[in-house]
file data.cif (mmCIF, C-alpha atoms and all ligand atoms)
data_final
loop_
_atom_site.label_atom_id
_atom_site.label_comp_id
_atom_site.auth_asym_id
_atom_site.auth_seq_id
_atom_site.Cartn_x
_atom_site.Cartn_y
_atom_site.Cartn_z
CA MET A 190 33.99 5.04 -106.31
CA ALA A 191 30.75 3.88 -104.82
CA ARG A 192 32.20 4.32 -101.35
CA ARG A 193 33.13 7.89 -102.11
CA SER A 194 29.66 8.93 -103.12
CA ILE A 195 28.21 7.17 -100.07
CA GLY A 196 30.54 9.21 -97.90
CA LEU A 197 29.36 12.41 -99.52
CA ALA A 198 25.72 11.54 -99.17
CA VAL A 199 26.19 10.67 -95.52
CA ALA A 200 28.07 13.90 -94.87
CA ALA A 201 25.33 15.88 -96.54
CA VAL A 202 22.62 14.28 -94.45
CA VAL A 203 24.58 14.69 -91.25
CA ALA A 204 25.03 18.35 -92.08
CA ALA A 205 21.34 18.65 -92.90
CA CYS A 206 20.39 17.29 -89.48
CA ARG A 207 22.31 19.87 -87.48
CA PRO A 208 20.23 22.48 -85.73
CA ASP A 209 19.65 25.52 -87.85
CA PRO A 210 21.91 28.34 -86.70
CA GLY A 211 19.62 31.30 -87.21
CA PRO A 212 15.97 32.08 -86.47
CA PRO A 213 13.45 29.46 -87.57
CA PRO A 214 13.69 29.29 -91.37
CA ALA A 215 10.71 29.35 -93.67
CA PRO A 216 9.89 25.87 -94.97
CA PRO A 217 12.42 25.24 -97.73
CA PRO A 218 11.06 24.72 -101.21
CA ALA A 219 11.28 21.33 -102.90
CA PRO A 220 13.57 19.82 -104.00
CA VAL A 221 14.71 19.97 -100.44
CA HIS A 222 18.27 18.83 -100.67
CA PRO A 223 19.74 19.39 -104.07
CA ALA A 224 23.15 19.10 -102.41
CA ALA A 225 22.32 15.75 -100.84
CA ALA A 226 22.48 13.97 -104.15
CA PRO A 227 25.89 14.71 -105.64
CA ALA A 228 25.45 12.72 -108.85
CA PRO A 229 25.28 9.34 -107.15
CA ALA A 230 26.99 6.41 -108.82
CA ALA A 231 24.69 4.58 -111.17
CA THR A 232 24.29 1.70 -108.72
CA SER A 233 23.72 3.86 -105.64
CA GLY A 234 20.50 2.90 -103.92
CA ALA A 235 19.63 0.59 -106.77
CA THR A 236 18.71 -2.71 -105.16
CA VAL A 237 15.45 -4.61 -105.33
CA TRP A 238 14.23 -2.37 -102.56
CA GLY A 239 15.31 0.88 -104.15
CA ALA A 240 14.02 4.32 -104.95
CA ASP A 241 11.06 2.89 -106.81
CA TYR A 242 10.00 0.90 -103.76
CA PHE A 243 10.40 3.26 -100.81
CA PRO A 244 8.24 6.38 -100.71
CA ASN A 245 10.49 9.42 -100.85
CA VAL A 246 8.16 11.39 -98.61
CA VAL A 247 9.30 14.58 -96.92
CA LEU A 248 9.59 14.32 -93.15
CA THR A 249 10.66 16.89 -90.58
CA THR A 250 13.36 16.18 -88.01
CA GLN A 251 13.25 17.21 -84.36
CA GLN A 252 15.39 20.16 -85.41
CA GLY A 253 12.79 21.28 -87.93
CA THR A 254 14.85 20.25 -90.95
CA LYS A 255 13.01 18.76 -93.90
CA VAL A 256 14.45 15.50 -95.20
CA ARG A 257 13.36 12.97 -97.79
CA PHE A 258 12.83 9.44 -96.57
CA PHE A 259 14.66 7.62 -99.32
CA ASP A 260 17.24 10.10 -100.52
CA ASP A 261 18.29 11.57 -97.21
CA LEU A 262 17.49 8.94 -94.62
CA ILE A 263 18.03 5.46 -95.97
CA ARG A 264 19.80 5.52 -99.31
CA ASP A 265 22.98 3.42 -99.05
CA LYS A 266 22.78 3.25 -95.27
CA VAL A 267 22.48 0.73 -92.47
CA VAL A 268 19.46 1.85 -90.48
CA ALA A 269 17.07 0.98 -87.68
CA ILE A 270 13.60 2.45 -88.09
CA ASN A 271 10.82 2.35 -85.55
CA PHE A 272 7.47 4.02 -85.19
CA ILE A 273 6.66 5.68 -81.91
CA PHE A 274 4.47 8.33 -80.39
CA THR A 275 5.59 10.37 -77.45
CA ARG A 276 2.27 10.12 -75.58
CA CYS A 277 2.51 6.33 -75.69
CA THR A 278 2.50 4.67 -72.30
CA ASP A 279 2.78 1.12 -73.60
CA ALA A 280 5.65 -0.21 -75.59
CA CYS A 281 7.28 2.91 -77.04
CA PRO A 282 9.24 3.97 -73.94
CA MET A 283 10.44 0.40 -73.75
CA GLU A 284 11.54 0.50 -77.38
CA THR A 285 13.34 3.78 -76.88
CA ALA A 286 15.09 2.40 -73.80
CA ARG A 287 16.14 -0.71 -75.68
CA LEU A 288 17.47 1.26 -78.64
CA LEU A 289 19.44 3.36 -76.17
CA GLU A 290 21.21 0.19 -75.13
CA VAL A 291 21.94 -0.62 -78.75
CA GLN A 292 23.22 2.92 -79.23
CA LYS A 293 25.57 2.41 -76.31
CA LEU A 294 26.82 -0.92 -77.70
CA LEU A 295 27.44 0.55 -81.14
CA ALA A 296 29.63 3.10 -79.40
CA GLY A 297 30.76 5.84 -81.78
CA ARG A 298 29.27 4.25 -84.88
CA LEU A 299 25.79 5.71 -84.60
CA GLY A 300 25.63 8.65 -86.96
CA ARG A 301 28.69 7.44 -88.87
CA ASP A 302 27.70 4.14 -90.44
CA VAL A 303 24.52 3.20 -88.59
CA PHE A 304 21.48 5.49 -88.34
CA PHE A 305 18.40 5.29 -86.12
CA TYR A 306 15.09 6.83 -87.10
CA SER A 307 12.10 7.06 -84.80
CA ILE A 308 9.11 8.23 -86.78
CA SER A 309 6.01 9.50 -85.01
CA ILE A 310 2.67 7.90 -85.80
CA ASP A 311 0.95 10.73 -83.91
CA PRO A 312 2.32 13.54 -86.07
CA THR A 313 -0.20 16.23 -85.19
CA HIS A 314 0.80 16.01 -81.53
CA ASP A 315 4.46 15.16 -82.10
CA THR A 316 5.70 18.41 -83.55
CA PRO A 317 9.45 18.91 -83.98
CA ASP A 318 9.49 20.68 -80.59
CA VAL A 319 7.79 17.80 -78.85
CA LEU A 320 10.19 15.34 -80.50
CA ARG A 321 13.18 17.48 -79.55
CA ASP A 322 12.11 17.42 -75.92
CA TYR A 323 11.58 13.68 -76.08
CA ALA A 324 15.04 13.12 -77.60
CA ALA A 325 16.65 15.37 -75.01
CA ARG A 326 14.88 13.65 -72.15
CA TRP A 327 16.11 10.27 -73.30
CA HIS A 328 19.63 11.53 -74.09
CA THR A 329 19.64 10.05 -77.54
CA GLY A 330 22.86 10.58 -79.42
CA PRO A 331 23.72 12.09 -82.77
CA GLY A 332 22.74 9.73 -85.56
CA TRP A 333 19.36 9.06 -83.98
CA THR A 334 16.80 11.27 -85.65
CA PHE A 335 13.17 11.73 -84.58
CA LEU A 336 10.79 12.53 -87.38
CA THR A 337 7.32 13.79 -87.97
CA GLY A 338 5.37 14.49 -91.15
CA SER A 339 1.94 14.36 -92.64
CA GLU A 340 -0.33 11.62 -91.39
CA ALA A 341 -0.90 10.35 -94.93
CA ASP A 342 2.83 10.18 -95.73
CA ILE A 343 3.64 8.37 -92.51
CA THR A 344 0.83 5.90 -93.05
CA SER A 345 2.06 5.14 -96.55
CA LEU A 346 5.54 4.65 -95.15
CA ARG A 347 4.30 2.25 -92.50
CA LYS A 348 2.38 0.28 -95.08
CA LYS A 349 5.36 0.07 -97.39
CA LEU A 350 7.59 -1.03 -94.53
CA GLY A 351 5.06 -3.63 -93.48
CA VAL A 352 4.54 -2.28 -89.98
CA PHE A 353 1.15 -0.67 -90.31
CA GLN A 354 -1.38 -1.11 -87.52
CA ALA A 355 -4.60 0.80 -87.84
CA ASP A 356 -5.02 1.32 -84.12
CA LEU A 357 -2.77 3.95 -82.58
CA GLN A 358 -3.16 2.37 -79.18
CA ALA A 359 -2.53 -1.11 -80.58
CA LYS A 360 -1.20 -3.32 -77.87
CA ASP A 361 1.03 -5.29 -80.13
CA HIS A 362 3.94 -3.10 -81.01
CA ASN A 363 6.21 -6.11 -81.13
CA LEU A 364 7.19 -5.89 -84.73
CA SER A 365 7.55 -2.19 -85.20
CA LEU A 366 11.32 -2.18 -85.46
CA LEU A 367 12.84 -2.58 -88.86
CA ILE A 368 16.54 -2.89 -89.47
CA GLY A 369 18.24 -3.03 -92.81
CA ASN A 370 20.92 -2.11 -95.24
CA GLN A 371 19.37 -0.26 -98.16
CA ARG A 372 22.41 -0.78 -100.37
CA THR A 373 22.48 -4.56 -100.08
CA GLY A 374 18.70 -4.86 -99.88
CA GLN A 375 18.78 -6.84 -96.62
CA TRP A 376 15.88 -5.95 -94.35
CA MET A 377 14.37 -7.58 -91.32
CA LYS A 378 11.72 -6.89 -88.77
CA ARG A 379 12.87 -7.21 -85.21
CA SER A 380 11.15 -7.13 -81.92
CA PRO A 381 12.26 -4.22 -79.76
CA TYR A 382 12.23 -6.78 -76.96
CA GLU A 383 15.16 -8.42 -78.71
CA ASN A 384 18.38 -8.72 -76.78
CA PRO A 385 20.30 -5.46 -77.38
CA TYR A 386 23.54 -7.32 -78.00
CA ILE A 387 21.94 -9.25 -80.82
CA LEU A 388 20.49 -6.09 -82.33
CA ALA A 389 23.85 -4.34 -82.11
CA GLU A 390 25.57 -7.32 -83.71
CA GLN A 391 23.02 -7.48 -86.52
CA LEU A 392 23.26 -3.77 -87.24
CA GLY A 393 26.96 -3.38 -86.70
CA SER A 394 28.24 -6.54 -88.30
CA TRP A 395 25.81 -8.64 -90.28
CA LEU A 396 24.07 -5.78 -92.07
CA SER A 397 27.40 -4.08 -92.60
CA ASN A 398 28.63 -7.15 -94.49
CA TRP A 399 31.13 -7.83 -91.76
CA GLN A 400 33.27 -5.03 -93.17
CA LYS A 401 33.33 -3.20 -89.91
CA PRO A 402 35.22 -4.20 -86.82
CA ARG A 403 33.31 -6.73 -84.80
CA PRO A 404 32.43 -5.83 -81.25
CA THR A 405 35.44 -5.96 -78.99
CA ASP A 406 36.07 -8.69 -76.46
CA ARG A 407 34.77 -6.33 -73.87
CA ASP A 408 31.32 -6.47 -75.40
CA TYR A 409 31.28 -10.25 -75.48
CA ALA A 410 32.49 -10.44 -71.91
CA HIS A 411 29.41 -8.50 -70.91
CA ALA A 412 27.00 -10.46 -73.07
CA PRO A 413 24.33 -12.36 -71.17
CA GLU A 414 25.12 -16.04 -70.76
CA VAL A 415 23.06 -18.63 -72.55
CA ARG A 416 21.57 -20.85 -69.86
CA ASN A 417 18.24 -22.00 -68.57
CA ILE A 418 16.52 -19.09 -66.98
CA SER A 419 13.25 -18.87 -65.12
CA SER A 420 10.24 -17.40 -66.87
CA GLY A 421 10.37 -14.53 -64.37
CA GLU A 422 13.96 -13.74 -65.28
CA GLU A 423 13.19 -14.07 -68.97
CA LEU A 424 10.34 -11.61 -68.61
CA PHE A 425 12.49 -9.27 -66.61
CA ARG A 426 15.21 -9.29 -69.23
CA ALA A 427 12.81 -8.82 -72.09
CA ARG A 428 10.40 -6.33 -70.57
CA CYS A 429 12.04 -4.60 -67.65
CA ALA A 430 15.82 -4.65 -68.01
CA ALA A 431 15.87 -1.85 -70.54
CA CYS A 432 14.88 0.51 -67.71
CA HIS A 433 15.70 -1.30 -64.48
CA THR A 434 18.72 -2.92 -62.92
CA VAL A 435 18.70 -5.30 -59.98
CA GLY A 436 21.68 -4.47 -57.82
CA GLY A 437 23.66 -3.37 -60.83
CA GLY A 438 22.97 -6.65 -62.58
CA ASP A 439 24.78 -8.27 -65.47
CA LEU A 440 24.67 -5.22 -67.68
CA VAL A 441 26.16 -2.92 -65.12
CA ASP A 442 28.04 -0.74 -67.59
CA LEU A 443 24.76 0.29 -69.14
CA ALA A 444 23.37 1.48 -65.86
CA GLN A 445 23.84 5.11 -66.72
CA HIS A 446 21.09 4.77 -69.27
CA ARG A 447 18.55 3.29 -66.87
CA VAL A 448 15.58 5.49 -66.34
CA GLY A 449 13.83 3.59 -63.55
CA PRO A 450 14.87 2.67 -60.01
CA ASP A 451 17.10 -0.26 -59.21
CA LEU A 452 14.76 -3.05 -58.15
CA ARG A 453 16.89 -5.10 -55.79
CA GLY A 454 14.96 -5.43 -52.54
CA VAL A 455 11.83 -3.82 -53.90
CA THR A 456 9.69 -6.84 -52.97
CA ALA A 457 10.72 -6.40 -49.33
CA ARG A 458 10.28 -2.63 -49.40
CA ARG A 459 6.82 -2.49 -50.88
CA ASP A 460 3.49 -4.12 -50.28
CA ARG A 461 2.98 -7.14 -52.55
CA ASP A 462 -0.48 -6.17 -53.74
CA TRP A 463 0.64 -2.67 -54.52
CA LEU A 464 3.57 -4.03 -56.54
CA ALA A 465 1.33 -6.33 -58.54
CA ARG A 466 -1.12 -3.53 -59.25
CA TRP A 467 1.71 -1.18 -60.20
CA ILE A 468 3.38 -3.64 -62.54
CA MET A 469 0.12 -4.44 -64.30
CA HIS A 470 -1.41 -0.95 -64.33
CA PRO A 471 1.10 1.81 -63.60
CA ASP A 472 -0.99 4.18 -65.72
CA GLY A 473 -4.12 3.29 -63.74
CA LEU A 474 -2.42 4.00 -60.40
CA LEU A 475 -1.13 7.30 -61.67
CA ALA A 476 -4.52 8.27 -63.01
CA ALA A 477 -5.97 7.47 -59.57
CA ARG A 478 -3.28 9.70 -58.00
CA ASP A 479 -1.94 6.82 -55.93
CA PRO A 480 0.47 8.59 -53.53
CA ILE A 481 3.39 6.19 -54.06
CA ALA A 482 2.98 6.32 -57.83
CA VAL A 483 2.86 10.10 -57.79
CA GLU A 484 5.93 10.31 -55.56
CA LEU A 485 7.88 7.91 -57.81
CA LEU A 486 6.94 9.82 -60.91
CA GLU A 487 8.26 13.03 -59.37
CA ARG A 488 11.45 11.33 -58.23
CA TYR A 489 12.12 9.81 -61.64
CA GLN A 490 11.74 13.07 -63.46
CA HIS A 491 8.47 12.21 -65.09
CA PHE A 492 9.76 9.19 -66.92
CA VAL A 493 6.66 7.09 -66.96
CA MET A 494 6.72 3.39 -66.36
CA PRO A 495 4.82 1.86 -69.28
CA ASN A 496 1.86 -0.47 -69.00
CA LEU A 497 3.41 -3.62 -70.43
CA ARG A 498 0.15 -5.61 -70.40
CA LEU A 499 1.47 -8.25 -68.08
CA ASP A 500 -1.16 -10.65 -66.76
CA ASP A 501 -1.36 -12.10 -63.24
CA ALA A 502 0.89 -15.05 -64.05
CA ASP A 503 3.59 -12.89 -65.67
CA THR A 504 3.48 -10.49 -62.77
CA ALA A 505 3.81 -13.28 -60.22
CA ALA A 506 6.75 -14.73 -62.19
CA VAL A 507 8.57 -11.42 -62.41
CA LEU A 508 7.97 -10.69 -58.71
CA GLY A 509 9.30 -14.19 -57.93
CA TYR A 510 12.42 -13.33 -59.87
CA LEU A 511 12.79 -10.05 -57.97
CA ASP A 512 12.41 -12.01 -54.70
CA ASP A 513 15.19 -14.38 -55.80
CA VAL A 514 17.68 -11.73 -56.73
CA SER A 515 16.89 -9.69 -53.65
CA ARG A 516 17.75 -12.43 -51.16
CA PRO A 517 20.42 -11.47 -48.61
CA ALA A 518 22.34 -9.47 -51.18
CA PRO A 519 25.29 -11.60 -52.27
CA PRO A 520 27.63 -9.77 -54.65
CA PRO A 521 26.57 -10.06 -58.30
CA ALA A 522 29.28 -12.63 -59.10
CA GLN A 523 27.80 -15.04 -56.58
CA VAL A 524 24.30 -14.46 -57.81
CA THR A 525 25.39 -15.61 -61.24
CA ALA A 526 27.12 -18.71 -59.91
CA GLN A 527 24.10 -19.58 -57.80
CA ARG A 528 21.66 -19.22 -60.65
CA GLN A 529 23.73 -21.40 -62.95
CA THR A 530 23.31 -24.40 -60.68
CA ARG A 531 19.53 -24.38 -61.12
C1 LIG B 1 10.46 2.30 -70.20
C2 LIG B 1 11.05 2.12 -68.92
C3 LIG B 1 10.48 1.11 -67.94
C4 LIG B 1 10.20 -0.22 -68.17
C5 LIG B 1 10.33 -0.99 -69.48
C6 LIG B 1 9.78 -0.77 -66.91
N1 LIG B 1 9.79 0.20 -65.96
FE1 LIG B 1 9.38 -0.03 -63.98
N2 LIG B 1 9.67 1.94 -63.67
C7 LIG B 1 10.06 2.85 -64.62
C8 LIG B 1 10.11 4.17 -64.02
C9 LIG B 1 10.50 5.43 -64.75
C10 LIG B 1 9.75 4.01 -62.68
C11 LIG B 1 9.63 5.11 -61.62
C12 LIG B 1 8.21 5.52 -61.48
C13 LIG B 1 7.72 6.37 -62.61
O1 LIG B 1 8.35 7.39 -62.89
O2 LIG B 1 6.71 5.99 -63.24
C14 LIG B 1 9.48 2.60 -62.48
C15 LIG B 1 9.11 2.04 -61.26
C16 LIG B 1 8.98 0.70 -61.03
C17 LIG B 1 8.74 0.08 -59.74
C18 LIG B 1 8.60 0.81 -58.41
C19 LIG B 1 9.94 0.86 -57.75
C20 LIG B 1 9.89 1.35 -56.34
O3 LIG B 1 10.92 1.81 -55.87
O4 LIG B 1 8.83 1.24 -55.74
C21 LIG B 1 8.66 -1.25 -59.93
C22 LIG B 1 8.43 -2.32 -58.90
C23 LIG B 1 8.87 -1.49 -61.35
N3 LIG B 1 9.05 -0.29 -61.98
C24 LIG B 1 8.84 -2.74 -61.93
C25 LIG B 1 8.96 -2.96 -63.30
C26 LIG B 1 8.86 -4.26 -63.90
C27 LIG B 1 8.64 -5.58 -63.14
C28 LIG B 1 9.01 -4.09 -65.23
C29 LIG B 1 8.92 -5.13 -66.32
C30 LIG B 1 7.78 -5.96 -66.34
C31 LIG B 1 9.21 -2.67 -65.47
N4 LIG B 1 9.19 -2.02 -64.27
C32 LIG B 1 9.43 -2.09 -66.72
C33 LIG B 1 10.37 2.59 -65.93
C34 LIG B 1 10.22 1.36 -66.55
#
call {"tool": "encode", "arguments": {"input": "data.cif", "output": "C-alpha cells"}}
result
Amino acid sequence: MARRSIGLAVAAVVAACRPDPGPPPAPPPAPVHPAAAPAPAATSGATVWGADYFPNVVLTTQQGTKVRFFDDLIRDKVVAINFIFTRCTDACPMETARLLEVQKLLAGRLGRDVFFYSISIDPTHDTPDVLRDYAARWHTGPGWTFLTGSEADITSLRKKLGVFQADLQAKDHNLSLLIGNQRTGQWMKRSPYENPYILAEQLGSWLSNWQKPRPTDRDYAHAPEVRNISSGEELFRARCAACHTVGGGDLVDLAQHRVGPDLRGVTARRDRDWLARWIMHPDGLLAARDPIAVELLERYQHFVMPNLRLDDADTAAVLGYLDDVSRPAPPPAQVTAQRQTR
C-alpha cells in the first residue's frame, strides 16, 4: 500500500516539474499541489525527520513551477540536495560536475527513484531563467531540479539542513551536499569532492535499503583501484577529475561529461609559471584579460575553471602528477601498471 502511494506522489511531482505547455502562467495560488498529496498512507513521510521537521517552503523550479520542499521534493524519496549559486567561481561548478558523474553512474534511475536538487543561495540573481540556462549548459538530466525561492525561506532551509554558512563567498563549501532517504530517516552530509562511485553507491543502494539492483559489474570494473597514490594524484582526483581527463584516464566512459580540456601533455605545452598562476587563480587571470585564459574560455564555451584555492604546495603536487602521466604517452593500461609498482 505504502509503495503505491509513493508511486503516485512521485508521478505527481514528476508531472509538476515538466515545462508548462502554454504561455507563462500566473503564480498558482496556495495550496500549490492539491493533487500531489493523494491521501498519503498514515505512515508516509512520518519518520523522526518528517513534516514537522523540514520546512515546507515554496520554491520555484527552473521551469517556473512552484513546489513545496517537503511535500513535493523530499517526502518518501531518496534525494541529494546541494546549495549552489550560478555566479560562483569556486566550488559550485566542481560540485555540479561531480554530481553529473553520479547522475551518469545512476544511469536511468535519476528522476525515478533518486532525485537531485540544487537550490540557489543567490535567489535574487538566480531566477528560473538563469537556472534553466545553467541546467542546459551542464546537460543535467531529468530528475535533477534547480530551485530558487525567497532568501528567507532558503536560509531557513539551509539552517534546518545544517548547511548554513553566512558568507555567500565562503571558501569552505565542502559540506554542502546532503543525501538522504526521507522515508527511512537516514541522512548524511557528504563532501562533493567524494568519489562519485561512492556517492552513487550510497544513493542507489545503501539509502535505498538495498532494494534496488546494485551497480552492475561494469560499474565496478571501472571503479578506481584502492592503492597508494601520490598527493598530486589524490588532489587531481578530488579536485580536477570531475572536469578534466588525462589521456582519457581511468574514467574514460565519463569523458563525454568533461567540461575542461584533456590535460595530458599540458605541462610540456604551457609555461610552468603560467600553469601555476592559472591553477591557483584562474579568475584572476581572466579578470586581467590574460590572452591564453581568454582564448581558453572562448574555446570551452564559457565554462569557467573554478578557483579551487590551491596553495603553492598543492599546485606543485598536481603539476608533478600531470608531468608523470604525460611522460612519453604509454597507453592507459601501462600507466596503471607502472603506477602500481610505486
Ligand atoms: C568545474 C570544472 C573544472 C575543474 C574542477 C577544474 N578545471 Fe581546469 N579547466 C576547466 C575549464 C572549463 C578549462 C578551460 C578554460 C576555461 O574555460 O576557463 C580549464 C582549463 C585548465 C587548464 C588549461 C589547459 C590548457 O590547455 O592550457 C589547466 C592546466 C587546468 N584547467 C588545470 C586544472 C587543475 C590542475 C584542476 C584541479 C586542481 C582543475 N583544472 C579543475 C574546468 C575545470
call {"tool": "residues_near_ligand", "arguments": {"input": "data.cif", "ligand": "ligand LIG 1 (chain B)", "cutoff": "6 Å", "atoms": "all atoms listed in the file", "output": "list in words"}}
result
Pro282, Met283, Ala286, Phe425, Arg428, Cys429, Ala431, Cys432, Val448, Gly449, Pro450, Leu464, Ile468, Leu485, Leu486, Tyr489, His491, Phe492, Val493, Met494, Pro495 and Val507 of chain A
call {"tool": "closest_residue", "arguments": {"input": "data.cif", "among": "A:Gly330, A:Gly239, A:Gly338, A:Pro312", "to": "A:Lys293", "atoms": "only C-alpha atoms"}}
result
A:Gly330
call {"tool": "atom_distance", "arguments": {"input": "data.cif", "atom1": "atom CA of A:Leu320", "atom2": "atom CA of A:Ser307"}}
result
9.5 Å
call {"tool": "closest_residue", "arguments": {"input": "data.cif", "among": "A:Arg298, A:Arg372, A:His470, A:Arg478", "to": "A:Asp265", "atoms": "all atoms listed in the file"}}
result
A:Arg372
call {"tool": "closest_residue", "arguments": {"input": "data.cif", "among": "A:Leu367, A:Ile310, A:Ile263, A:Ala476", "to": "A:Cys281", "atoms": "only C-alpha atoms"}}
result
A:Ile310
call {"tool": "closest_residue", "arguments": {"input": "data.cif", "among": "A:Gln391, A:Ser365, A:Ser345, A:Gln371", "to": "A:Asp261", "atoms": "only C-alpha atoms"}}
result
A:Gln371
call {"tool": "atom_distance", "arguments": {"input": "data.cif", "atom1": "atom CA of A:Val514", "atom2": "atom CA of A:Glu390"}}
result
28.5 Å
call {"tool": "closest_residue", "arguments": {"input": "data.cif", "among": "A:Trp376, A:Tyr382, A:Trp395, A:Phe335", "to": "A:Thr254", "atoms": "only C-alpha atoms"}}
result
A:Phe335
call {"tool": "closest_residue", "arguments": {"input": "data.cif", "among": "A:Phe274, A:Leu452, A:Asn496, A:Gly351", "to": "A:Gly473", "atoms": "only C-alpha atoms"}}
result
A:Asn496
call {"tool": "residues_around", "arguments": {"input": "data.cif", "residues": "A:Phe305", "least_positions_apart": "4", "cutoff": "9 Å", "atoms": "all atoms listed in the file", "output": "NGL selection string"}}
result
:A and (267-271 or 288 or 292 or 299-300 or 332-335)
call {"tool": "write_last_selection", "arguments": {"input": "data.cif", "atoms": "C-alpha atoms", "output": "PDB file, keeping the file's coordinate frame"}}
result
ATOM      1  CA  VAL A 267      22.480   0.730 -92.470  1.00  0.00           C
ATOM      2  CA  VAL A 268      19.460   1.850 -90.480  1.00  0.00           C
ATOM      3  CA  ALA A 269      17.070   0.980 -87.680  1.00  0.00           C
ATOM      4  CA  ILE A 270      13.600   2.450 -88.090  1.00  0.00           C
ATOM      5  CA  ASN A 271      10.820   2.350 -85.550  1.00  0.00           C
ATOM      6  CA  LEU A 288      17.470   1.260 -78.640  1.00  0.00           C
ATOM      7  CA  GLN A 292      23.220   2.920 -79.230  1.00  0.00           C
ATOM      8  CA  LEU A 299      25.790   5.710 -84.600  1.00  0.00           C
ATOM      9  CA  GLY A 300      25.630   8.650 -86.960  1.00  0.00           C
ATOM     10  CA  GLY A 332      22.740   9.730 -85.560  1.00  0.00           C
ATOM     11  CA  TRP A 333      19.360   9.060 -83.980  1.00  0.00           C
ATOM     12  CA  THR A 334      16.800  11.270 -85.650  1.00  0.00           C
ATOM     13  CA  PHE A 335      13.170  11.730 -84.580  1.00  0.00           C
TER      14      PHE A 335
END
call {"tool": "residues_around", "arguments": {"input": "data.cif", "residues": "A:Ala389", "least_positions_apart": "6", "cutoff": "9 Å", "atoms": "all atoms listed in the file", "output": "list in words"}}
result
Glu290, Val291, Gln292, Leu294, Leu295 and Pro404 of chain A
call {"tool": "atom_distance", "arguments": {"input": "data.cif", "atom1": "atom CA of A:Asp460", "atom2": "atom CA of A:Asp279"}}
result
23.9 Å
call {"tool": "residues_near_point", "arguments": {"input": "data.cif", "point": "(1.0, -6.7, -71.7)", "cutoff": "9 Å", "atoms": "only C-alpha atoms", "output": "ChimeraX atom specification"}}
result
/A:279-280,360-361,469,496-500
